[in-house]
file protein12.txt (compact mmCIF, N, CA and C atoms)
# COMPACT_ATOMS: atom_id res chain seq x y z
N MET A 8 48.37 -37.71 198.76
CA MET A 8 49.79 -37.83 198.97
C MET A 8 50.35 -38.85 197.98
N ASN A 9 51.19 -38.41 197.07
CA ASN A 9 51.73 -39.35 196.10
C ASN A 9 52.88 -40.16 196.67
N LYS A 10 53.24 -39.90 197.94
CA LYS A 10 54.32 -40.65 198.54
C LYS A 10 53.82 -41.90 199.27
N LEU A 11 52.55 -42.21 199.15
CA LEU A 11 51.99 -43.33 199.90
C LEU A 11 52.03 -44.63 199.12
N LEU A 12 52.21 -45.69 199.83
CA LEU A 12 51.90 -47.03 199.34
C LEU A 12 50.68 -47.46 200.11
N SER A 13 49.94 -48.32 199.57
CA SER A 13 48.74 -48.80 200.26
C SER A 13 49.13 -49.97 201.15
N PHE A 14 48.69 -49.96 202.37
CA PHE A 14 48.94 -51.09 203.25
C PHE A 14 47.65 -51.53 203.89
N LEU A 15 47.60 -52.81 204.19
CA LEU A 15 46.48 -53.38 204.93
C LEU A 15 47.00 -53.63 206.33
N LEU A 16 46.78 -52.67 207.22
CA LEU A 16 47.32 -52.81 208.56
C LEU A 16 46.26 -53.12 209.60
N PHE A 17 45.18 -52.41 209.58
CA PHE A 17 44.28 -52.39 210.72
C PHE A 17 43.62 -53.72 211.01
N GLY A 18 42.74 -54.22 210.17
CA GLY A 18 42.08 -55.48 210.43
C GLY A 18 43.05 -56.64 210.45
N SER A 19 44.09 -56.57 209.66
CA SER A 19 45.01 -57.68 209.56
C SER A 19 45.96 -57.77 210.73
N LEU A 20 46.14 -56.70 211.47
CA LEU A 20 47.06 -56.77 212.60
C LEU A 20 46.53 -57.64 213.72
N THR A 21 45.26 -57.95 213.70
CA THR A 21 44.75 -58.84 214.73
C THR A 21 45.38 -60.21 214.61
N MET A 22 45.71 -60.64 213.39
CA MET A 22 46.37 -61.92 213.23
C MET A 22 47.84 -61.82 213.60
N ALA A 23 48.33 -60.62 213.81
CA ALA A 23 49.73 -60.42 214.08
C ALA A 23 50.04 -60.39 215.57
N ASN A 24 49.11 -60.84 216.38
CA ASN A 24 49.36 -60.91 217.82
C ASN A 24 50.58 -61.76 218.10
N CYS A 25 51.24 -61.43 219.18
CA CYS A 25 52.25 -62.34 219.68
C CYS A 25 51.47 -63.43 220.40
N ALA A 26 51.63 -64.63 219.98
CA ALA A 26 50.92 -65.72 220.65
C ALA A 26 51.92 -66.80 220.99
N PHE A 27 51.67 -67.48 222.07
CA PHE A 27 52.61 -68.47 222.56
C PHE A 27 52.75 -69.60 221.56
N ALA A 28 53.95 -70.06 221.35
CA ALA A 28 54.23 -71.06 220.33
C ALA A 28 53.85 -72.48 220.75
N THR A 29 53.52 -72.70 222.00
CA THR A 29 53.06 -74.01 222.42
C THR A 29 51.63 -73.89 222.89
N GLU A 30 51.00 -75.01 223.22
CA GLU A 30 49.59 -74.99 223.58
C GLU A 30 49.34 -74.46 224.98
N GLU A 31 50.25 -74.67 225.91
CA GLU A 31 50.08 -74.18 227.27
C GLU A 31 50.99 -72.99 227.49
N THR A 32 50.64 -72.15 228.44
CA THR A 32 51.46 -71.00 228.77
C THR A 32 52.12 -71.25 230.12
N PRO A 33 53.33 -71.82 230.10
CA PRO A 33 54.00 -72.10 231.36
C PRO A 33 54.52 -70.81 231.99
N LYS A 34 54.58 -70.79 233.29
CA LYS A 34 55.19 -69.65 233.97
C LYS A 34 56.68 -69.75 233.74
N GLN A 35 57.30 -68.61 233.46
CA GLN A 35 58.73 -68.62 233.20
C GLN A 35 59.52 -68.44 234.48
N ASP A 36 60.64 -69.11 234.55
CA ASP A 36 61.58 -68.93 235.64
C ASP A 36 62.45 -67.75 235.25
N THR A 37 62.34 -66.63 235.96
CA THR A 37 63.06 -65.42 235.59
C THR A 37 64.56 -65.56 235.73
N THR A 38 65.03 -66.56 236.49
CA THR A 38 66.47 -66.73 236.64
C THR A 38 67.06 -67.57 235.53
N ASN A 39 66.21 -68.31 234.79
CA ASN A 39 66.73 -69.19 233.76
C ASN A 39 65.74 -69.25 232.59
N ALA A 40 65.30 -68.10 232.12
CA ALA A 40 64.31 -68.05 231.04
C ALA A 40 64.91 -68.61 229.75
N ASN A 41 64.12 -69.38 229.01
CA ASN A 41 64.57 -69.95 227.75
C ASN A 41 64.61 -68.85 226.69
N GLU A 42 65.77 -68.59 226.16
CA GLU A 42 65.97 -67.52 225.18
C GLU A 42 65.39 -67.88 223.81
N ASP A 43 65.15 -69.18 223.56
CA ASP A 43 64.75 -69.62 222.23
C ASP A 43 63.25 -69.65 222.01
N ILE A 44 62.44 -69.56 223.06
CA ILE A 44 60.99 -69.62 222.90
C ILE A 44 60.51 -68.40 222.14
N ILE A 45 59.69 -68.64 221.13
CA ILE A 45 59.07 -67.55 220.38
C ILE A 45 57.58 -67.64 220.63
N TYR A 46 57.00 -66.55 221.12
CA TYR A 46 55.60 -66.50 221.48
C TYR A 46 54.78 -65.94 220.32
N VAL A 47 53.52 -66.38 220.27
CA VAL A 47 52.58 -65.77 219.33
C VAL A 47 51.35 -65.22 220.06
N ARG A 48 51.19 -65.56 221.36
CA ARG A 48 50.16 -64.98 222.23
C ARG A 48 50.76 -64.69 223.59
N VAL A 49 50.60 -63.47 224.03
CA VAL A 49 51.14 -63.07 225.32
C VAL A 49 50.17 -62.11 226.00
N ALA A 50 50.45 -61.83 227.26
CA ALA A 50 49.60 -60.91 228.01
C ALA A 50 49.69 -59.50 227.43
N LYS A 51 50.89 -59.09 227.04
CA LYS A 51 51.09 -57.76 226.47
C LYS A 51 51.81 -57.92 225.13
N LYS A 52 51.11 -57.57 224.05
CA LYS A 52 51.66 -57.74 222.70
C LYS A 52 52.82 -56.78 222.45
N ALA A 53 53.72 -57.21 221.59
CA ALA A 53 54.77 -56.31 221.10
C ALA A 53 54.10 -55.25 220.25
N GLU A 54 54.65 -54.05 220.26
CA GLU A 54 54.07 -53.00 219.42
C GLU A 54 55.13 -52.03 218.94
N PHE A 55 54.87 -51.47 217.78
CA PHE A 55 55.72 -50.43 217.23
C PHE A 55 55.60 -49.23 218.16
N ASP A 56 56.72 -48.59 218.48
CA ASP A 56 56.71 -47.43 219.36
C ASP A 56 55.83 -46.34 218.75
N GLY A 57 54.73 -46.01 219.40
CA GLY A 57 53.78 -45.04 218.87
C GLY A 57 52.54 -45.70 218.30
N GLY A 58 52.50 -47.04 218.30
CA GLY A 58 51.33 -47.78 217.85
C GLY A 58 51.16 -47.80 216.33
N ILE A 59 49.95 -48.16 215.93
CA ILE A 59 49.64 -48.30 214.50
C ILE A 59 49.83 -46.99 213.74
N PRO A 60 49.44 -45.82 214.30
CA PRO A 60 49.68 -44.58 213.53
C PRO A 60 51.17 -44.36 213.23
N ALA A 61 52.04 -44.65 214.18
CA ALA A 61 53.48 -44.47 213.96
C ALA A 61 54.01 -45.51 212.97
N LEU A 62 53.49 -46.74 213.05
CA LEU A 62 53.91 -47.78 212.10
C LEU A 62 53.48 -47.39 210.69
N THR A 63 52.25 -46.91 210.56
CA THR A 63 51.76 -46.47 209.25
C THR A 63 52.63 -45.34 208.70
N LYS A 64 53.00 -44.39 209.56
CA LYS A 64 53.86 -43.29 209.13
C LYS A 64 55.22 -43.80 208.70
N TYR A 65 55.79 -44.72 209.48
CA TYR A 65 57.10 -45.29 209.11
C TYR A 65 57.03 -45.95 207.74
N LEU A 66 56.01 -46.78 207.53
CA LEU A 66 55.90 -47.47 206.25
C LEU A 66 55.65 -46.50 205.11
N THR A 67 54.82 -45.50 205.34
CA THR A 67 54.52 -44.49 204.32
C THR A 67 55.79 -43.77 203.89
N GLU A 68 56.62 -43.45 204.84
CA GLU A 68 57.84 -42.69 204.55
C GLU A 68 58.99 -43.54 204.03
N ASN A 69 58.94 -44.85 204.25
CA ASN A 69 60.10 -45.67 203.93
C ASN A 69 59.91 -46.73 202.86
N LEU A 70 58.67 -47.13 202.60
CA LEU A 70 58.44 -48.10 201.52
C LEU A 70 58.66 -47.42 200.17
N ARG A 71 59.30 -48.12 199.28
CA ARG A 71 59.51 -47.61 197.92
C ARG A 71 59.00 -48.66 196.94
N TYR A 72 58.08 -48.25 196.11
CA TYR A 72 57.57 -49.18 195.10
C TYR A 72 58.69 -49.46 194.13
N PRO A 73 59.09 -50.71 193.98
CA PRO A 73 60.19 -51.01 193.05
C PRO A 73 59.86 -50.51 191.64
N GLU A 74 60.77 -49.77 191.06
CA GLU A 74 60.54 -49.17 189.75
C GLU A 74 60.16 -50.22 188.71
N GLU A 75 60.90 -51.33 188.69
CA GLU A 75 60.62 -52.38 187.71
C GLU A 75 59.23 -52.97 187.93
N ALA A 76 58.82 -53.13 189.19
CA ALA A 76 57.48 -53.65 189.49
C ALA A 76 56.41 -52.68 189.02
N ALA A 77 56.63 -51.38 189.23
CA ALA A 77 55.67 -50.37 188.79
C ALA A 77 55.56 -50.36 187.27
N GLU A 78 56.70 -50.45 186.58
CA GLU A 78 56.69 -50.46 185.12
C GLU A 78 55.92 -51.66 184.58
N LYS A 79 56.02 -52.79 185.27
CA LYS A 79 55.32 -54.01 184.85
C LYS A 79 53.89 -54.07 185.36
N GLY A 80 53.49 -53.07 186.17
CA GLY A 80 52.14 -53.05 186.72
C GLY A 80 51.89 -54.12 187.77
N LEU A 81 52.96 -54.56 188.43
CA LEU A 81 52.82 -55.60 189.44
C LEU A 81 52.18 -55.05 190.71
N GLU A 82 51.24 -55.79 191.27
CA GLU A 82 50.57 -55.43 192.51
C GLU A 82 50.40 -56.69 193.34
N GLY A 83 50.11 -56.51 194.61
CA GLY A 83 49.82 -57.67 195.44
C GLY A 83 50.06 -57.38 196.91
N LYS A 84 49.67 -58.35 197.72
CA LYS A 84 49.86 -58.22 199.16
C LYS A 84 50.92 -59.21 199.61
N ALA A 85 51.93 -58.68 200.28
CA ALA A 85 52.95 -59.52 200.90
C ALA A 85 52.65 -59.56 202.39
N ILE A 86 52.73 -60.73 202.98
CA ILE A 86 52.64 -60.83 204.42
C ILE A 86 54.03 -61.19 204.92
N VAL A 87 54.55 -60.31 205.76
CA VAL A 87 55.91 -60.44 206.26
C VAL A 87 55.86 -60.93 207.70
N ASN A 88 56.52 -62.05 207.98
CA ASN A 88 56.67 -62.55 209.34
C ASN A 88 58.03 -62.10 209.87
N PHE A 89 58.06 -61.78 211.16
CA PHE A 89 59.32 -61.42 211.80
C PHE A 89 59.22 -61.64 213.29
N ILE A 90 60.37 -61.61 213.94
CA ILE A 90 60.44 -61.76 215.38
C ILE A 90 60.76 -60.40 215.99
N VAL A 91 60.00 -60.04 217.03
CA VAL A 91 60.35 -58.88 217.85
C VAL A 91 61.07 -59.47 219.06
N ASN A 92 62.35 -59.17 219.18
CA ASN A 92 63.17 -59.73 220.25
C ASN A 92 62.93 -59.02 221.57
N LYS A 93 63.50 -59.58 222.63
CA LYS A 93 63.32 -59.03 223.97
C LYS A 93 63.80 -57.59 224.08
N ASP A 94 64.77 -57.20 223.26
CA ASP A 94 65.28 -55.82 223.28
C ASP A 94 64.54 -54.93 222.27
N GLY A 95 63.51 -55.49 221.59
CA GLY A 95 62.73 -54.72 220.62
C GLY A 95 63.28 -54.76 219.20
N SER A 96 64.45 -55.36 219.03
CA SER A 96 65.02 -55.44 217.68
C SER A 96 64.22 -56.45 216.84
N ILE A 97 64.36 -56.33 215.53
CA ILE A 97 63.66 -57.18 214.57
C ILE A 97 64.63 -58.20 214.01
N SER A 98 64.17 -59.46 213.90
CA SER A 98 65.02 -60.50 213.30
C SER A 98 64.14 -61.50 212.56
N ASP A 99 64.78 -62.42 211.88
CA ASP A 99 64.11 -63.52 211.19
C ASP A 99 62.98 -63.04 210.27
N VAL A 100 63.27 -62.06 209.45
CA VAL A 100 62.26 -61.50 208.54
C VAL A 100 62.10 -62.44 207.34
N THR A 101 60.86 -62.92 207.15
CA THR A 101 60.56 -63.83 206.05
C THR A 101 59.21 -63.46 205.44
N ILE A 102 58.98 -63.98 204.25
CA ILE A 102 57.70 -63.79 203.57
C ILE A 102 56.80 -64.99 203.84
N ALA A 103 55.63 -64.72 204.41
CA ALA A 103 54.64 -65.78 204.66
C ALA A 103 53.71 -65.92 203.47
N LYS A 104 53.42 -64.80 202.79
CA LYS A 104 52.59 -64.80 201.58
C LYS A 104 53.25 -63.87 200.59
N SER A 105 53.54 -64.38 199.43
CA SER A 105 54.29 -63.63 198.43
C SER A 105 53.41 -62.73 197.57
N ALA A 106 53.97 -61.56 197.25
CA ALA A 106 53.36 -60.65 196.29
C ALA A 106 54.19 -60.63 195.01
N GLY A 107 55.19 -61.50 194.93
CA GLY A 107 56.11 -61.53 193.81
C GLY A 107 57.49 -61.11 194.28
N GLU A 108 58.50 -61.60 193.62
CA GLU A 108 59.89 -61.42 194.04
C GLU A 108 60.28 -59.96 194.27
N LEU A 109 59.94 -59.08 193.35
CA LEU A 109 60.33 -57.67 193.49
C LEU A 109 59.64 -57.00 194.68
N LEU A 110 58.35 -57.24 194.84
CA LEU A 110 57.61 -56.63 195.94
C LEU A 110 58.01 -57.25 197.27
N ASP A 111 58.23 -58.54 197.30
CA ASP A 111 58.67 -59.21 198.52
C ASP A 111 60.01 -58.65 199.01
N ALA A 112 60.92 -58.42 198.09
CA ALA A 112 62.24 -57.89 198.47
C ALA A 112 62.11 -56.52 199.13
N GLU A 113 61.21 -55.69 198.62
CA GLU A 113 61.01 -54.37 199.22
C GLU A 113 60.36 -54.48 200.59
N ALA A 114 59.39 -55.39 200.71
CA ALA A 114 58.73 -55.59 202.01
C ALA A 114 59.75 -56.06 203.05
N ILE A 115 60.60 -56.99 202.68
CA ILE A 115 61.64 -57.49 203.59
C ILE A 115 62.60 -56.36 203.96
N ARG A 116 63.00 -55.56 202.99
CA ARG A 116 63.94 -54.46 203.25
C ARG A 116 63.38 -53.49 204.28
N VAL A 117 62.15 -53.03 204.06
CA VAL A 117 61.60 -52.01 204.94
C VAL A 117 61.33 -52.56 206.35
N VAL A 118 60.91 -53.80 206.46
CA VAL A 118 60.69 -54.39 207.78
C VAL A 118 62.02 -54.61 208.48
N SER A 119 63.02 -55.08 207.76
CA SER A 119 64.34 -55.32 208.35
C SER A 119 64.97 -54.05 208.90
N GLU A 120 64.63 -52.91 208.32
CA GLU A 120 65.21 -51.63 208.74
C GLU A 120 64.37 -50.89 209.77
N MET A 121 63.27 -51.49 210.23
CA MET A 121 62.42 -50.81 211.21
C MET A 121 63.19 -50.52 212.49
N PRO A 122 62.85 -49.41 213.14
CA PRO A 122 63.45 -49.15 214.45
C PRO A 122 62.93 -50.16 215.47
N LYS A 123 63.54 -50.18 216.63
CA LYS A 123 63.14 -51.12 217.67
C LYS A 123 61.69 -50.93 218.07
N TRP A 124 61.05 -52.04 218.39
CA TRP A 124 59.68 -52.07 218.87
C TRP A 124 59.69 -52.13 220.40
N ILE A 125 58.52 -51.97 220.99
CA ILE A 125 58.35 -52.24 222.42
C ILE A 125 58.07 -53.74 222.50
N PRO A 126 58.93 -54.50 223.20
CA PRO A 126 58.77 -55.96 223.19
C PRO A 126 57.51 -56.43 223.91
N GLY A 127 57.07 -57.63 223.55
CA GLY A 127 55.94 -58.24 224.22
C GLY A 127 56.36 -58.75 225.59
N GLU A 128 55.36 -58.98 226.44
CA GLU A 128 55.63 -59.50 227.78
C GLU A 128 54.65 -60.61 228.11
N ASP A 129 55.14 -61.58 228.85
CA ASP A 129 54.30 -62.65 229.36
C ASP A 129 54.70 -62.89 230.80
N HIS A 130 53.72 -62.86 231.69
CA HIS A 130 53.96 -63.01 233.13
C HIS A 130 54.96 -61.96 233.62
N GLY A 131 54.90 -60.76 233.04
CA GLY A 131 55.77 -59.67 233.47
C GLY A 131 57.19 -59.75 232.95
N ILE A 132 57.47 -60.70 232.06
CA ILE A 132 58.82 -60.90 231.54
C ILE A 132 58.82 -60.59 230.04
N LYS A 133 59.81 -59.84 229.57
CA LYS A 133 59.93 -59.56 228.14
C LYS A 133 60.25 -60.87 227.42
N VAL A 134 59.54 -61.08 226.30
CA VAL A 134 59.70 -62.32 225.54
C VAL A 134 59.82 -62.01 224.05
N ARG A 135 60.37 -62.97 223.32
CA ARG A 135 60.45 -62.88 221.87
C ARG A 135 59.07 -63.22 221.29
N CYS A 136 58.60 -62.41 220.32
CA CYS A 136 57.28 -62.62 219.73
C CYS A 136 57.37 -62.68 218.21
N ARG A 137 56.54 -63.55 217.65
CA ARG A 137 56.40 -63.60 216.19
C ARG A 137 55.30 -62.61 215.82
N PHE A 138 55.51 -61.90 214.73
CA PHE A 138 54.57 -60.90 214.27
C PHE A 138 54.38 -61.07 212.77
N ALA A 139 53.19 -60.81 212.27
CA ALA A 139 52.91 -60.85 210.84
C ALA A 139 52.39 -59.48 210.42
N LEU A 140 52.96 -58.94 209.38
CA LEU A 140 52.58 -57.61 208.91
C LEU A 140 52.20 -57.69 207.43
N PRO A 141 50.95 -57.43 207.09
CA PRO A 141 50.55 -57.42 205.68
C PRO A 141 50.90 -56.06 205.06
N ILE A 142 51.45 -56.11 203.86
CA ILE A 142 51.76 -54.89 203.12
C ILE A 142 51.18 -55.06 201.72
N ASN A 143 50.28 -54.16 201.36
CA ASN A 143 49.62 -54.22 200.06
C ASN A 143 50.28 -53.24 199.11
N PHE A 144 50.78 -53.75 198.00
CA PHE A 144 51.39 -52.91 196.98
C PHE A 144 50.36 -52.69 195.87
N SER A 145 50.10 -51.42 195.58
CA SER A 145 49.15 -51.07 194.53
C SER A 145 49.77 -50.00 193.66
N THR A 146 49.73 -50.18 192.36
CA THR A 146 50.37 -49.22 191.46
C THR A 146 49.63 -47.90 191.39
N GLY A 147 48.40 -47.85 191.92
CA GLY A 147 47.62 -46.62 191.89
C GLY A 147 48.23 -45.53 192.77
N VAL A 148 48.82 -45.90 193.87
CA VAL A 148 49.43 -44.97 194.82
C VAL A 148 50.80 -45.50 195.16
N GLN A 149 51.82 -44.70 194.94
CA GLN A 149 53.15 -45.24 195.18
C GLN A 149 54.14 -44.18 195.65
N ASN A 150 55.13 -44.65 196.35
CA ASN A 150 56.24 -43.83 196.81
C ASN A 150 57.40 -44.15 195.90
N THR A 151 57.85 -43.17 195.16
CA THR A 151 58.95 -43.40 194.23
C THR A 151 60.23 -42.74 194.68
N LYS A 152 60.29 -42.27 195.93
CA LYS A 152 61.53 -41.64 196.40
C LYS A 152 62.64 -42.67 196.41
N LYS A 153 63.83 -42.22 196.21
CA LYS A 153 64.99 -43.13 196.14
C LYS A 153 65.95 -42.84 197.24
call {"tool": "encode", "arguments": {"input": "protein12.txt", "output": "structure tokens"}}
result
Amino acid sequence: MNKLLSFLLFGSLTMANCAFATEETPKQDTTNANEDIIYVRVAKKAEFDGGIPALTKYLTENLRYPEEAAEKGLEGKAIVNFIVNKDGSISDVTIAKSAGELLDAEAIRVVSEMPKWIPGEDHGIKVRCRFALPINFSTGVQNTKK
């Protein structure tokens, strides 16, 4: 398939768990839950609707290798951090590990445009979770659709 970009999803997604941002996991008061807490470990991780196969399909169909990056032979792995909110929406998309300005911009674009996820839960309550997604750009296989 010449429409593919290479991604490192499977082994690397283990680091992308939603895990609690503090050292202890306090029970939440459902009547006054803190909206600002971002978890990195929870009982039920946030996930792309349809799991890893659906996430892979989304990225395959939507990532576009930047033309200028391909012409320059630029390759690399970008690790994109983002928050999966309580409603499943994506926010706070940033680069944790850069693959270069052109590739990073594409990684941010495609993650920012992802459909809603199934939010993570802790103690039966939907919570905001931090997620890390590695995306490997390789000039050998690329999606050039515009």
call {"tool": "atom_distance", "arguments": {"input": "protein12.txt", "atom1": "CA of Ala61 (chain A)", "atom2": "CA of Val100 (chain A)"}}
result
19.9 Å
call {"tool": "atom_distance", "arguments": {"input": "protein12.txt", "atom1": "atom N of Tyr65 (chain A)", "atom2": "atom C of Lys79 (chain A)"}}
result
25.9 Å
call {"tool": "residues_around", "arguments": {"input": "protein12.txt", "residues": "Ile86 (chain A)", "least_positions_apart": "2", "cutoff": "5 Å", "atoms": "only N, CA and C atoms", "output": "MDAnalysis selection string"}}
result
chainID A and resid 84 88 102:104 140:142
call {"tool": "atom_distance", "arguments": {"input": "protein12.txt", "atom1": "CA of Glu108 (chain A)", "atom2": "CA of Glu75 (chain A)"}}
result
11.1 Å
call {"tool": "closest_residue", "arguments": {"input": "protein12.txt", "among": "A:Ile44, A:Val87, A:Lys93, A:Val117", "to": "Thr67 (chain A)", "atoms": "only C-alpha atoms"}}
result
A:Val117
call {"tool": "closest_residue", "arguments": {"input": "protein12.txt", "among": "A:Gly127, A:Pro73, A:Gly80, A:Gly95", "to": "Leu109 (chain A)", "atoms": "only N, CA and C atoms"}}
result
A:Pro73
call {"tool": "closest_residue", "arguments": {"input": "protein12.txt", "among": "A:Lys51, A:Gly83, A:Phe138, A:Glu128", "to": "Ser98 (chain A)", "atoms": "only C-alpha atoms"}}
result
A:Phe138
call {"tool": "closest_residue", "arguments": {"input": "protein12.txt", "among": "A:His130, A:Lys123, A:Arg71, A:Arg135", "to": "Ala50 (chain A)", "atoms": "only N, CA and C atoms"}}
result
A:His130
call {"tool": "residues_around", "arguments": {"input": "protein12.txt", "residues": "Pro126 (chain A)", "least_positions_apart": "6", "cutoff": "7 Å", "atoms": "all atoms listed in the file", "output": "list of chain:residue names"}}
result
A:Lys51, A:Lys52, A:Ala53, A:Glu54, A:Val91, A:Asn92, A:Lys93, A:Asp94, A:Gly95, A:Ser96, A:Lys133, A:Val134
